[in-house]
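Okay, work-v2.cif now, which holds mmCIF, C-alpha atoms:
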```cif
data_data
#
loop_
_atom_site.label_atom_id
_atom_site.label_comp_id
_atom_site.auth_asym_id
_atom_site.auth_seq_id
_atom_site.Cartn_x
_atom_site.Cartn_y
_atom_site.Cartn_z
CA MET L 1452 -41.63 -91.81 73.17
CA ALA L 1453 -41.44 -93.03 76.74
CA ASN L 1454 -44.53 -92.84 78.83
CA LYS L 1455 -43.91 -89.95 81.19
CA LYS L 1456 -45.93 -91.44 84.03
CA GLY L 1457 -43.82 -94.54 84.01
CA SER L 1458 -40.51 -92.78 84.46
CA SER L 1459 -39.13 -92.16 87.99
CA PHE L 1460 -36.88 -89.44 86.67
CA SER L 1461 -39.53 -87.41 84.96
CA LYS L 1462 -39.51 -83.73 85.80
CA ASP L 1463 -43.28 -83.85 86.00
CA SER L 1464 -43.44 -86.75 88.38
CA GLY L 1465 -44.63 -84.73 91.37
CA PRO L 1466 -43.37 -84.17 94.88
CA HIS L 1467 -39.99 -85.98 94.68
CA THR L 1468 -37.20 -84.27 96.59
CA GLN L 1469 -33.55 -84.77 95.59
CA THR L 1470 -33.06 -87.17 98.53
CA GLN L 1471 -35.99 -89.23 97.45
CA GLU L 1472 -34.62 -89.36 93.96
CA ALA L 1473 -31.17 -90.42 95.22
CA GLU L 1474 -32.75 -93.21 97.30
CA GLU L 1475 -34.72 -94.28 94.30
CA VAL L 1476 -31.57 -94.45 92.16
CA GLU L 1477 -29.76 -96.51 94.82
CA ARG L 1478 -32.67 -98.91 95.11
CA ILE L 1479 -32.80 -99.42 91.37
CA LEU L 1480 -29.04 -99.91 91.17
CA ASN L 1481 -29.09 -102.44 94.03
CA ASP L 1482 -31.94 -104.32 92.44
CA GLY L 1483 -29.98 -104.27 89.20
CA VAL L 1484 -26.83 -105.69 90.79
CA THR L 1485 -28.72 -108.37 92.65
CA SER L 1486 -30.62 -109.43 89.57
CA THR L 1487 -27.45 -109.23 87.42
CA THR L 1488 -25.57 -111.52 89.84
CA GLY L 1489 -28.54 -113.87 89.84
CA ALA L 1490 -28.72 -113.87 86.06
CA TYR L 1491 -24.95 -114.36 85.85
CA GLN L 1492 -25.05 -117.40 88.12
CA GLN L 1493 -28.03 -118.76 86.23
CA ALA L 1494 -26.15 -118.29 82.95
CA ILE L 1495 -23.10 -120.15 84.34
CA ARG L 1496 -25.34 -123.01 85.47
CA GLU L 1497 -26.98 -123.19 82.07
CA LEU L 1498 -23.64 -123.06 80.25
CA THR L 1499 -22.18 -125.80 82.45
CA GLN L 1500 -25.19 -127.99 81.74
CA ALA L 1501 -25.06 -127.23 78.04
CA ASN L 1502 -21.35 -128.02 78.00
CA LEU L 1503 -21.90 -131.36 79.72
CA ARG L 1504 -24.72 -132.19 77.32
CA LEU L 1505 -22.55 -131.32 74.33
CA ARG L 1506 -19.76 -133.54 75.60
CA GLN L 1507 -22.21 -136.41 76.06
CA LEU L 1508 -23.53 -135.87 72.53
CA ASP L 1509 -20.01 -135.76 71.15
CA LYS L 1510 -19.16 -139.04 72.86
CA ALA L 1511 -22.39 -140.62 71.61
CA LYS L 1512 -21.53 -139.44 68.09
CA ASP L 1513 -18.05 -141.01 68.28
CA GLU L 1514 -19.49 -144.28 69.58
CA PHE L 1515 -22.13 -144.27 66.89
CA ILE L 1516 -19.58 -143.75 64.12
CA SER L 1517 -17.37 -146.47 65.55
CA ILE L 1518 -20.14 -149.08 65.87
CA ALA L 1519 -21.77 -148.17 62.56
CA SER L 1520 -18.42 -148.34 60.77
CA HIS L 1521 -17.58 -151.76 62.18
CA GLU L 1522 -21.03 -153.04 61.25
CA LEU L 1523 -20.68 -151.61 57.74
CA ARG L 1524 -17.55 -153.65 57.19
CA ASN L 1525 -19.30 -157.02 57.11
CA PRO L 1526 -21.59 -156.35 54.14
CA MET L 1527 -18.75 -154.57 52.33
CA ALA L 1528 -16.46 -157.55 52.89
CA ILE L 1529 -19.14 -159.88 51.51
CA ILE L 1530 -19.65 -157.72 48.41
CA LYS L 1531 -15.91 -157.41 47.83
CA GLY L 1532 -15.30 -161.13 48.42
CA ASN L 1533 -18.02 -162.23 46.03
CA ILE L 1534 -16.93 -159.81 43.29
CA SER L 1535 -13.38 -161.02 43.74
CA MET L 1536 -14.50 -164.66 43.36
CA MET L 1537 -16.35 -163.81 40.15
CA LEU L 1538 -13.38 -161.89 38.77
CA THR L 1539 -10.97 -164.74 39.46
CA GLY L 1540 -13.30 -167.15 37.67
CA ASP L 1541 -14.31 -169.16 40.76
CA THR L 1542 -17.97 -168.94 39.75
CA GLY L 1543 -17.45 -169.78 36.09
CA GLU L 1544 -16.49 -167.90 32.96
CA ILE L 1545 -17.50 -164.25 32.62
CA ASN L 1546 -17.68 -162.26 29.41
CA PRO L 1547 -15.64 -159.06 28.91
CA GLU L 1548 -18.64 -156.80 29.46
CA ALA L 1549 -19.50 -158.46 32.76
CA ARG L 1550 -15.84 -158.22 33.75
CA ASP L 1551 -15.93 -154.49 33.09
CA VAL L 1552 -19.05 -154.10 35.26
CA LEU L 1553 -17.55 -156.20 38.05
CA THR L 1554 -14.33 -154.19 37.95
CA ASP L 1555 -16.30 -150.96 38.41
CA MET L 1556 -18.17 -152.54 41.32
CA MET L 1557 -14.88 -153.55 42.87
CA ILE L 1558 -13.51 -150.01 42.54
CA ALA L 1559 -16.69 -148.63 44.13
CA VAL L 1560 -16.66 -151.03 47.07
CA GLU L 1561 -12.95 -150.35 47.64
CA ARG L 1562 -13.76 -146.64 47.74
CA GLN L 1563 -16.51 -147.28 50.26
CA ILE L 1564 -14.18 -149.36 52.40
CA ARG L 1565 -11.63 -146.55 52.36
CA LEU L 1566 -14.27 -144.03 53.37
CA VAL L 1567 -15.33 -146.15 56.35
CA ASN L 1568 -11.69 -146.57 57.38
CA GLU L 1569 -11.23 -142.82 57.22
CA LEU L 1570 -14.37 -142.16 59.25
CA LEU L 1571 -13.07 -144.54 61.89
CA ASP L 1572 -9.69 -142.78 61.89
CA ILE L 1573 -11.42 -139.45 62.36
CA SER L 1574 -13.65 -140.66 65.17
CA ARG L 1575 -10.54 -141.96 66.95
CA ILE L 1576 -8.59 -138.74 66.32
CA GLU L 1577 -11.46 -136.63 67.64
CA ALA L 1578 -12.06 -138.85 70.65
CA GLY L 1579 -8.32 -138.59 71.38
CA VAL L 1580 -7.84 -142.36 71.51
CA ILE L 1581 -5.53 -142.82 68.57
CA ASN L 1582 -2.45 -144.90 69.36
CA PHE L 1583 1.00 -144.28 67.94
CA ASN L 1584 3.49 -147.10 67.89
CA LEU L 1585 6.79 -145.21 68.01
CA SER L 1586 8.87 -148.09 69.32
CA SER L 1587 10.93 -148.51 66.15
CA SER L 1588 12.57 -145.90 63.98
CA ILE L 1589 11.83 -146.16 60.28
CA GLN L 1590 13.64 -145.48 57.00
CA ILE L 1591 11.28 -143.26 55.12
CA ASP L 1592 13.07 -143.85 51.80
CA GLN L 1593 12.30 -147.56 52.11
CA VAL L 1594 8.63 -146.82 52.83
CA ALA L 1595 8.58 -144.60 49.72
CA GLU L 1596 10.28 -147.21 47.51
CA LEU L 1597 7.81 -149.87 48.61
CA LEU L 1598 4.87 -147.59 47.99
CA ALA L 1599 6.17 -146.53 44.56
CA THR L 1600 6.48 -150.19 43.58
CA SER L 1601 2.98 -151.06 44.75
CA LEU L 1602 1.39 -148.14 42.90
CA ARG L 1603 3.37 -148.55 39.69
CA THR L 1604 0.75 -150.70 37.92
CA VAL L 1605 -2.00 -148.16 38.59
CA ALA L 1606 0.30 -145.30 37.59
CA GLU L 1607 1.34 -146.92 34.32
CA LYS L 1608 -2.29 -147.09 33.24
CA GLN L 1609 -2.32 -143.29 33.40
CA ASN L 1610 1.08 -143.09 31.76
CA VAL L 1611 2.57 -141.73 34.97
CA GLU L 1612 6.03 -142.55 36.31
CA ILE L 1613 6.66 -142.56 40.08
CA LYS L 1614 10.26 -141.67 41.03
CA VAL L 1615 11.97 -141.64 44.43
CA ASN L 1616 14.88 -139.20 44.90
CA LYS L 1617 17.10 -139.51 47.98
CA PRO L 1618 20.67 -138.64 48.85
CA GLN L 1619 23.28 -141.32 48.11
CA GLN L 1620 24.74 -141.57 51.62
CA PRO L 1621 23.08 -143.68 54.35
CA PHE L 1622 20.00 -141.86 55.42
CA PRO L 1623 18.93 -141.11 59.02
CA ALA L 1624 15.85 -142.93 60.34
CA VAL L 1625 12.87 -140.98 61.60
CA GLN L 1626 10.83 -141.69 64.69
CA ALA L 1627 7.31 -142.44 63.56
CA ASP L 1628 4.50 -144.97 63.47
CA HIS L 1629 5.19 -147.06 60.38
CA ASP L 1630 1.56 -147.74 59.41
CA LYS L 1631 0.49 -144.14 59.85
CA ILE L 1632 3.40 -142.74 57.86
CA SER L 1633 2.66 -145.22 55.06
CA GLN L 1634 -0.93 -144.01 55.16
CA VAL L 1635 0.14 -140.35 54.86
CA LEU L 1636 2.48 -141.10 51.98
CA ILE L 1637 -0.11 -143.27 50.18
CA ASN L 1638 -2.55 -140.43 50.59
CA LEU L 1639 -0.21 -137.83 49.07
CA VAL L 1640 0.81 -140.07 46.17
CA THR L 1641 -2.74 -141.21 45.34
CA ASN L 1642 -3.84 -137.54 45.50
CA ALA L 1643 -1.06 -136.76 43.03
CA LEU L 1644 -2.27 -139.64 40.82
CA LYS L 1645 -5.81 -138.29 40.85
CA PHE L 1646 -4.69 -135.10 39.17
CA THR L 1647 -1.87 -136.31 36.94
CA GLN L 1648 -2.04 -137.94 33.57
CA ASP L 1649 0.97 -138.40 31.27
CA GLY L 1650 3.75 -137.12 33.48
CA SER L 1651 5.73 -137.96 36.56
CA ILE L 1652 5.28 -137.95 40.32
CA THR L 1653 8.44 -137.45 42.35
CA ILE L 1654 9.01 -138.29 46.00
CA ASP L 1655 11.99 -136.27 47.27
CA ILE L 1656 13.52 -137.13 50.61
CA LYS L 1657 16.15 -134.96 52.27
CA GLN L 1658 17.53 -134.09 55.66
CA LYS L 1659 17.14 -130.63 57.13
CA GLY L 1660 18.70 -130.26 60.57
CA ASP L 1661 16.89 -132.54 63.01
CA LEU L 1662 14.15 -133.26 60.50
CA VAL L 1663 13.62 -135.42 57.46
CA LEU L 1664 11.57 -133.72 54.75
CA THR L 1665 9.50 -135.76 52.34
CA CYS L 1666 7.99 -133.94 49.37
CA VAL L 1667 5.60 -135.27 46.75
CA THR L 1668 5.51 -133.34 43.48
CA ASP L 1669 2.98 -134.01 40.77
CA ALA L 1670 2.50 -132.74 37.23
CA GLY L 1671 -1.20 -132.23 37.79
CA SER L 1672 -3.68 -129.44 37.38
CA GLY L 1673 -2.47 -127.44 40.38
CA ILE L 1674 -4.57 -125.91 43.14
CA ALA L 1675 -6.48 -122.67 42.75
CA GLU L 1676 -5.45 -119.81 45.05
CA ASN L 1677 -8.81 -119.68 46.86
CA GLN L 1678 -8.70 -123.41 47.66
CA LYS L 1679 -5.25 -123.43 49.26
CA SER L 1680 -6.43 -122.46 52.73
CA GLU L 1681 -9.15 -125.14 52.69
CA LEU L 1682 -6.94 -128.09 51.76
CA PHE L 1683 -6.35 -129.57 55.19
CA LYS L 1684 -9.93 -129.18 56.40
CA LYS L 1685 -12.39 -132.05 56.70
CA PHE L 1686 -14.23 -133.01 53.49
CA SER L 1687 -12.25 -130.50 51.48
CA LYS L 1688 -11.77 -131.37 47.84
CA ALA L 1689 -9.54 -129.42 45.51
CA GLY L 1690 -11.68 -130.18 42.48
CA ALA L 1691 -12.81 -133.08 40.35
CA PRO L 1692 -10.08 -135.58 39.52
CA THR L 1693 -8.83 -135.68 35.95
CA PRO L 1694 -11.03 -138.09 33.93
CA GLY L 1695 -9.29 -141.40 33.40
CA THR L 1696 -7.33 -141.20 36.65
CA ILE L 1697 -7.99 -143.31 39.76
CA SER L 1698 -11.25 -142.93 41.65
CA SER L 1699 -12.13 -139.89 43.66
CA GLY L 1700 -11.70 -139.63 47.41
CA SER L 1701 -13.63 -138.47 50.41
CA GLY L 1702 -11.82 -135.24 51.18
CA LEU L 1703 -10.68 -136.67 54.50
CA GLY L 1704 -7.18 -137.81 53.58
CA LEU L 1705 -5.27 -134.55 54.07
CA TYR L 1706 -7.12 -133.78 57.28
CA ILE L 1707 -6.15 -137.16 58.72
CA SER L 1708 -2.59 -136.82 57.40
CA LYS L 1709 -2.19 -133.46 59.10
CA LYS L 1710 -3.39 -134.82 62.44
CA TYR L 1711 -1.10 -137.85 62.18
CA ILE L 1712 2.00 -135.84 61.25
CA GLU L 1713 1.45 -133.17 63.90
CA LYS L 1714 0.93 -135.77 66.65
CA GLN L 1715 4.31 -137.23 65.72
CA GLY L 1716 6.13 -133.91 66.02
CA GLY L 1717 6.14 -132.96 62.35
CA ASP L 1718 4.39 -130.60 60.04
CA ILE L 1719 2.65 -130.95 56.66
CA TRP L 1720 2.06 -128.19 54.12
CA LEU L 1721 1.53 -127.21 50.51
CA GLU L 1722 4.99 -126.15 49.37
CA ALA L 1723 4.06 -124.88 45.93
CA SER L 1724 1.28 -125.12 43.40
CA GLU L 1725 0.85 -123.59 40.01
CA PRO L 1726 -2.24 -124.14 37.88
CA GLY L 1727 -1.36 -126.25 34.88
CA VAL L 1728 2.13 -127.10 36.19
CA GLY L 1729 1.58 -129.15 39.34
CA SER L 1730 1.75 -129.15 43.13
CA THR L 1731 4.25 -130.07 45.82
CA PHE L 1732 3.16 -131.25 49.25
CA CYS L 1733 5.79 -131.74 51.98
CA PHE L 1734 5.87 -133.18 55.46
CA SER L 1735 8.59 -133.23 58.09
CA LEU L 1736 9.32 -135.76 60.82
CA PRO L 1737 11.91 -135.67 63.61
CA ILE L 1738 15.02 -137.81 63.17
CA ALA L 1739 15.14 -140.73 65.62
CA ASP L 1740 16.89 -139.86 68.90
CA SER L 1741 16.80 -136.12 68.23
CA LYS L 1742 15.66 -133.83 71.05
CA LYS L 1743 12.29 -133.28 69.38
CA ALA L 1744 11.81 -137.03 68.85
CA ARG L 1745 12.47 -137.73 72.53
CA GLU L 1746 10.00 -135.03 73.61
CA ILE L 1747 7.30 -136.45 71.35
CA ALA L 1748 7.96 -140.03 72.49
CA GLU L 1749 7.69 -138.94 76.14
CA GLY L 1750 4.51 -136.98 75.41
CA ILE L 1751 2.85 -139.88 73.62
CA LYS L 1752 3.90 -142.40 76.24
CA SER L 1753 2.30 -140.30 78.97
CA LEU L 1754 -0.90 -139.93 76.94
CA GLN L 1755 -1.70 -143.49 76.01
CA PRO L 1756 -2.55 -146.44 78.20
CA ILE L 1757 0.45 -148.74 78.82
CA LYS L 1758 -1.25 -151.73 77.20
CA ASP L 1759 -1.31 -150.00 73.84
CA ILE L 1760 2.44 -149.51 73.60
CA HIS L 1761 3.72 -153.01 73.06
CA LEU L 1762 0.85 -155.20 72.05
CA LYS L 1763 1.01 -154.58 68.31
CA ASN L 1764 2.09 -156.82 65.47
CA LYS L 1765 3.07 -159.96 67.30
CA GLY L 1766 1.31 -162.09 64.76
CA GLY L 1767 1.21 -160.78 61.23
CA ASP L 1768 -1.61 -158.39 60.62
CA LEU L 1769 -2.85 -155.94 58.09
CA MET U 843 -7.85 -183.07 52.76
CA SER U 844 -7.85 -180.18 55.17
CA LYS U 845 -10.94 -179.66 57.28
CA VAL U 846 -11.56 -176.06 58.31
CA LEU U 847 -14.00 -174.73 60.90
CA LEU U 848 -15.34 -171.22 60.30
CA ILE U 849 -16.83 -169.57 63.39
CA GLU U 850 -18.86 -166.66 62.04
CA ASP U 851 -22.36 -165.34 62.74
CA ASP U 852 -23.12 -163.77 59.34
CA SER U 853 -24.65 -166.47 57.14
CA LEU U 854 -23.87 -164.65 53.88
CA PHE U 855 -20.24 -164.52 54.88
CA VAL U 856 -20.30 -168.25 55.63
CA LYS U 857 -22.00 -168.97 52.32
CA MET U 858 -19.31 -167.08 50.42
CA TYR U 859 -16.54 -169.09 52.05
CA GLN U 860 -18.40 -172.36 51.55
CA LYS U 861 -18.38 -171.65 47.82
CA LYS U 862 -14.76 -170.61 47.80
CA PHE U 863 -13.58 -173.62 49.80
CA ALA U 864 -15.62 -176.06 47.71
CA HIS U 865 -13.98 -174.57 44.63
CA GLU U 866 -10.54 -175.11 46.19
CA GLY U 867 -11.36 -178.68 47.23
CA LEU U 868 -11.25 -177.81 50.93
CA GLU U 869 -13.81 -178.96 53.46
CA LEU U 870 -15.52 -176.19 55.43
CA GLU U 871 -17.75 -176.57 58.47
CA ALA U 872 -19.50 -173.59 60.02
CA ALA U 873 -20.53 -172.58 63.53
CA TYR U 874 -22.67 -169.48 64.04
CA ASP U 875 -21.79 -168.44 67.59
CA GLY U 876 -18.88 -168.73 70.01
CA ALA U 877 -20.31 -171.55 72.14
CA GLU U 878 -21.25 -173.63 69.09
CA GLY U 879 -17.76 -172.96 67.73
CA VAL U 880 -16.08 -174.48 70.80
CA GLU U 881 -18.39 -177.51 70.69
CA ARG U 882 -17.79 -178.11 66.98
CA ALA U 883 -14.02 -177.69 67.40
CA LYS U 884 -14.09 -180.51 69.97
CA SER U 885 -16.29 -182.80 67.91
CA ILE U 886 -14.80 -182.42 64.43
CA LYS U 887 -11.17 -181.60 65.35
CA PRO U 888 -10.48 -179.32 62.37
CA ASN U 889 -7.01 -178.76 60.88
CA LEU U 890 -7.56 -175.04 61.24
CA ILE U 891 -10.12 -172.59 62.65
CA ILE U 892 -11.12 -169.29 61.07
CA LEU U 893 -12.46 -167.13 63.85
CA ASP U 894 -14.58 -163.99 63.80
CA LEU U 895 -14.31 -161.88 66.99
CA MET U 896 -17.64 -160.12 67.45
CA LEU U 897 -19.73 -163.25 68.08
CA PRO U 898 -22.89 -164.06 70.05
CA LYS U 899 -22.56 -166.01 73.35
CA LEU U 900 -18.75 -166.17 73.52
CA SER U 901 -16.48 -163.50 72.02
CA GLY U 902 -13.58 -164.53 69.81
CA SER U 903 -11.01 -164.18 72.58
CA GLU U 904 -13.23 -166.20 74.95
CA VAL U 905 -13.49 -168.94 72.32
CA LEU U 906 -9.68 -168.95 72.05
CA GLU U 907 -9.21 -169.10 75.82
CA THR U 908 -11.61 -172.04 76.01
CA LEU U 909 -9.85 -173.85 73.16
CA LYS U 910 -6.47 -173.33 74.85
CA GLU U 911 -7.73 -174.90 78.11
CA SER U 912 -8.52 -178.24 76.55
CA PRO U 913 -5.64 -180.48 75.32
CA GLU U 914 -7.74 -181.81 72.41
CA THR U 915 -8.20 -178.32 70.94
CA SER U 916 -5.24 -176.33 72.29
CA SER U 917 -2.95 -176.95 69.33
CA ILE U 918 -5.42 -176.24 66.50
CA PRO U 919 -4.06 -173.28 64.48
CA VAL U 920 -6.37 -170.26 64.43
CA VAL U 921 -6.63 -167.44 61.89
CA VAL U 922 -8.67 -164.37 62.87
CA LEU U 923 -10.97 -162.67 60.37
CA THR U 924 -12.49 -159.57 61.94
CA ASN U 925 -13.99 -156.12 61.43
CA LEU U 926 -12.05 -154.74 64.40
CA ASN U 927 -8.88 -152.75 63.86
CA THR U 928 -5.57 -154.18 65.06
CA THR U 929 -5.50 -151.57 67.83
CA ALA U 930 -8.63 -153.01 69.48
CA ASP U 931 -8.13 -154.77 72.84
CA GLU U 932 -10.01 -157.84 71.62
CA VAL U 933 -7.57 -158.25 68.70
CA ASN U 934 -4.54 -157.78 70.93
CA LYS U 935 -5.86 -160.40 73.34
CA CYS U 936 -6.07 -162.89 70.47
CA ILE U 937 -2.56 -162.04 69.27
CA GLU U 938 -1.32 -162.67 72.83
CA LEU U 939 -3.10 -166.03 72.76
CA GLY U 940 -1.05 -167.00 69.71
CA VAL U 941 -3.24 -166.79 66.62
CA LYS U 942 -1.37 -167.40 63.37
CA GLU U 943 -2.63 -164.42 61.45
CA THR U 944 -5.12 -161.55 61.86
CA PHE U 945 -7.02 -160.20 58.86
CA LEU U 946 -9.30 -157.22 58.60
CA LYS U 947 -12.28 -158.61 56.66
CA THR U 948 -12.45 -155.70 54.24
CA ASN U 949 -8.73 -155.93 53.44
CA VAL U 950 -8.63 -159.52 52.18
CA THR U 951 -10.01 -161.46 49.28
CA PRO U 952 -11.14 -165.10 49.69
CA ASP U 953 -7.99 -166.07 47.73
CA GLN U 954 -5.74 -164.60 50.41
CA VAL U 955 -7.65 -166.39 53.14
CA VAL U 956 -7.25 -169.69 51.27
CA ASP U 957 -3.49 -169.04 51.01
CA SER U 958 -3.33 -168.50 54.75
CA VAL U 959 -5.33 -171.70 55.39
CA LYS U 960 -2.96 -173.72 53.18
CA LYS U 961 0.02 -172.25 54.99
CA TYR U 962 -1.13 -172.98 58.54
CA ALA U 963 -3.48 -176.00 58.42
CA GLN U 964 -2.14 -178.99 60.33
#
```
Show me the file's structure as structure tokens.
Amino acid sequence: MANKKGSSFSKDSGPHTQTQEAEEVERILNDGVTSTTGAYQQAIRELTQANLRLRQLDKAKDEFISIASHELRNPMAIIKGNISMMLTGDTGEINPEARDVLTDMMIAVERQIRLVNELLDISRIEAGVINFNLSSSIQIDQVAELLATSLRTVAEKQNVEIKVNKPQQPFPAVQADHDKISQVLINLVTNALKFTQDGSITIDIKQKGDLVLTCVTDAGSGIAENQKSELFKKFSKAGAPTPGTISSGSGLGLYISKKYIEKQGGDIWLEASEPGVGSTFCFSLPIADSKKAREIAEGIKSLQPIKDIHLKNKGGDL
Amino acid sequence: MSKVLLIEDDSLFVKMYQKKFAHEGLELEAAYDGAEGVERAKSIKPNLIILDLMLPKLSGSEVLETLKESPETSSIPVVVLTNLNTTADEVNKCIELGVKETFLKTNVTPDQVVDSVKKYAQ
């Protein structure tokens, strides 16, 4: 219960006339408005400061990830290089058991290297400083063929066949950054490999209007209904890889792929997935010289510093 | 026999390549910072230089610029071995200055570096 003596509106509060009460109400309201405006301005000031602080923290985080990642690469390169020298026999003969141990170490360090690369990609995506080299149009079927060839040895160990299906006629080129599209495709195919044993992985490429669609279908375990909406989020994993398949990932690949594809005017999605049957992931990219491609090229050119457009790949690089 | 100069500040990295090059019958000299690298390049006149980019005293691109200024070192072929991505300004500067090849350290094995050395050493 409210304390009666404390209330200005109490019937028992003594000799207040109606006028006095009205004045009282006005005074209280005015005080309220003044203090509300004051509090409002104070809140805006605090929010602005908090916002600035958050942006500084975010920048510091990106810088930290970038520096830490670059510094991590040296020890990883030394570990990888030394294991490689032992495996190729540069340091003398090794017995089969030691070879097995060294091979596992190599797989682990390669995984770590990939994770650091992905963290760097993410810090660049989130800082908005990622560069796209759209100067040349690329044949996505050729990228797929090359990738299928390079992964065939790994796939055969799991008794998996990688097939590339494309229409017979000459195929339109897409406008995209070659390295980043390779990365997206590698990601989808290695994901497929993680969940497939004894079966086939198919890369289908077809034209649909102004777009080229690329779909990767596996014969894997499929994705559970409740995981479908999480797939393209950071650190999302659709489950443990099938034992005996290639090493597990970081859960960053699809997130990065999505960002890369969207920035280049395309889309990426889970087309179909059935537990026990397999999954199909697709992405689209605009055909070179299409209206969409020109819009994206203009948009990207206006976003990135001039120096980043032509300085790539003059000498060979990796 | 080819003489190679490795300019690299991480001694474990240098040690690894010393072993690899000895195994391949190649001669490897090391310099541990940019300034020492330039000095050594002038004194030993290597057939090829392997250059790291994040170095004390002079950065990789500064080392390259200095080498290009002097006629006795300007034509030595250079291969870059770095932790920086190819999109980094420092890497692009080196590509502009005409390095033969640029490797990301974590992407290569010592075997691949040896192949590159054999291909470009003069």
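Around stretch 1540-1557 of chain L, within 9 Å and counting only C-alpha atoms, the residues found are Ile1530, Lys1531, Ile1534, Ser1535, Met1536, Met1537, Leu1538, Ala1559, Val1560, Glu1561 and Arg1562 of chain L; Lys861, Lys862, His865 and Glu866 of chain U, once anything fewer than 2 positions away on its own chain is removed.
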Tell me which residues come within 7 Å of (-3.0, -135.9, 37.1), as a tab-separated table (two decimals) with C-alpha atoms, in the frame of the given file, counting only C-alpha atoms in the file's coordinates.
```
chain	number	residue	atom	x	y	z
L	1643	ALA	CA	-1.06	-136.76	43.03
L	1644	LEU	CA	-2.27	-139.64	40.82
L	1645	LYS	CA	-5.81	-138.29	40.85
L	1646	PHE	CA	-4.69	-135.10	39.17
L	1647	THR	CA	-1.87	-136.31	36.94
L	1648	GLN	CA	-2.04	-137.94	33.57
L	1670	ALA	CA	2.50	-132.74	37.23
L	1671	GLY	CA	-1.20	-132.23	37.79
L	1672	SER	CA	-3.68	-129.44	37.38
L	1693	THR	CA	-8.83	-135.68	35.95
L	1696	THR	CA	-7.33	-141.20	36.65
```
Exercise for the section: Starting from the displayed file, determine the output of the PyMOL selection byres ((chain U) within 6 of (chain L)) and express the residue list as a PyMOL selection string. Expected result: chain U and resi 855+925+937+943-945+947-948+951-952
Quick one: residues within 7 Å of L:Leu1664, only C-alpha atoms, excluding same-chain residues fewer than 2 positions away - as a compact mmCIF listing (two decimals) with C-alpha atoms, keeping the file's coordinate frame?
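As a result, result-v5.txt now contains:
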```txt
# COMPACT_ATOMS: atom_id res chain seq x y z
CA ILE L 1656 13.52 -137.13 50.61
CA LYS L 1657 16.15 -134.96 52.27
CA GLN L 1658 17.53 -134.09 55.66
CA LYS L 1659 17.14 -130.63 57.13
CA LEU L 1662 14.15 -133.26 60.50
CA CYS L 1666 7.99 -133.94 49.37
CA CYS L 1733 5.79 -131.74 51.98
CA PHE L 1734 5.87 -133.18 55.46
CA SER L 1735 8.59 -133.23 58.09
CA LEU L 1736 9.32 -135.76 60.82
```
Practice task
Could you please give me, as a PyMOL selection string, the residues of protein, DNA or RNA lying at most 12 Å from (-22.6, -172.7, 67.9) in the coordinate frame of the file, considering all atoms listed in the file?
Solution key: chain U and resi 847-851+871-885+897-901+905
Would you kindly translate the PyMOL selection byres ((chain L and resi 1612) around 10) into the concrete residues it picks from this file, as an mmCIF file with C-alpha atoms, in the coordinates of the input?
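Written file, out_17.cif:
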```cif
data_model
loop_
_atom_site.group_PDB
_atom_site.id
_atom_site.type_symbol
_atom_site.label_atom_id
_atom_site.label_comp_id
_atom_site.auth_asym_id
_atom_site.auth_seq_id
_atom_site.Cartn_x
_atom_site.Cartn_y
_atom_site.Cartn_z
ATOM 1 C CA ALA L 1599 6.170 -146.530 44.560
ATOM 2 C CA LEU L 1602 1.390 -148.140 42.900
ATOM 3 C CA ARG L 1603 3.370 -148.550 39.690
ATOM 4 C CA THR L 1604 0.750 -150.700 37.920
ATOM 5 C CA ALA L 1606 0.300 -145.300 37.590
ATOM 6 C CA GLU L 1607 1.340 -146.920 34.320
ATOM 7 C CA LYS L 1608 -2.290 -147.090 33.240
ATOM 8 C CA GLN L 1609 -2.320 -143.290 33.400
ATOM 9 C CA ASN L 1610 1.080 -143.090 31.760
ATOM 10 C CA VAL L 1611 2.570 -141.730 34.970
ATOM 11 C CA ILE L 1613 6.660 -142.560 40.080
ATOM 12 C CA LYS L 1614 10.260 -141.670 41.030
ATOM 13 C CA LEU L 1644 -2.270 -139.640 40.820
ATOM 14 C CA GLN L 1648 -2.040 -137.940 33.570
ATOM 15 C CA ASP L 1649 0.970 -138.400 31.270
ATOM 16 C CA GLY L 1650 3.750 -137.120 33.480
ATOM 17 C CA SER L 1651 5.730 -137.960 36.560
ATOM 18 C CA ILE L 1652 5.280 -137.950 40.320
ATOM 19 C CA THR L 1653 8.440 -137.450 42.350
#
```
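Distances to U:Glu904 were evaluated for U:Val941, U:Cys936, U:Val959, U:Ile891 using all atoms listed in the file, and the minimum falls at U:Cys936.
If all atoms listed in the file are the atoms counted, then among U:Val922, U:Pro888, U:Gln964, U:Ser853 the closest residue to U:Leu870 is U:Pro888.
Proximity ranking of U:Glu932, U:Asn927, U:Thr908, U:Leu939 relative to L:Val1567 places U:Asn927 first, based on all atoms listed in the file.
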Exercise for the section: Using all atoms listed in the file, pick whichever of U:Asn889, U:Leu923, U:Ser917, U:Ser903 has the shortest atom-to-atom distance to U:Val856. Expected result: U:Leu923
Practice task
Check which residues satisfy the PyMOL selection byres ((chain L and resi 1679) around 12) in the file shown, then give them as a PyMOL selection string.
Solution key: chain L and resi 1673-1678+1680-1684+1687-1690+1720-1726+1730+1732
Around stretch 883-897 of chain U, with edges along x, y and z and 6 Å added on all six sides, what centre and edge lengths do you get, in Å to one decimal, as JSON?
```
{"center_x": -13.4, "center_y": -171.5, "center_z": 65.4, "size_x": 24.7, "size_y": 34.7, "size_z": 21.1}
```
Exercise for the section: Figure out the distance between atom CA of U:Thr929 and atom CA of U:Ile892, please, to one decimal in Å. Expected result: 19.8 Å
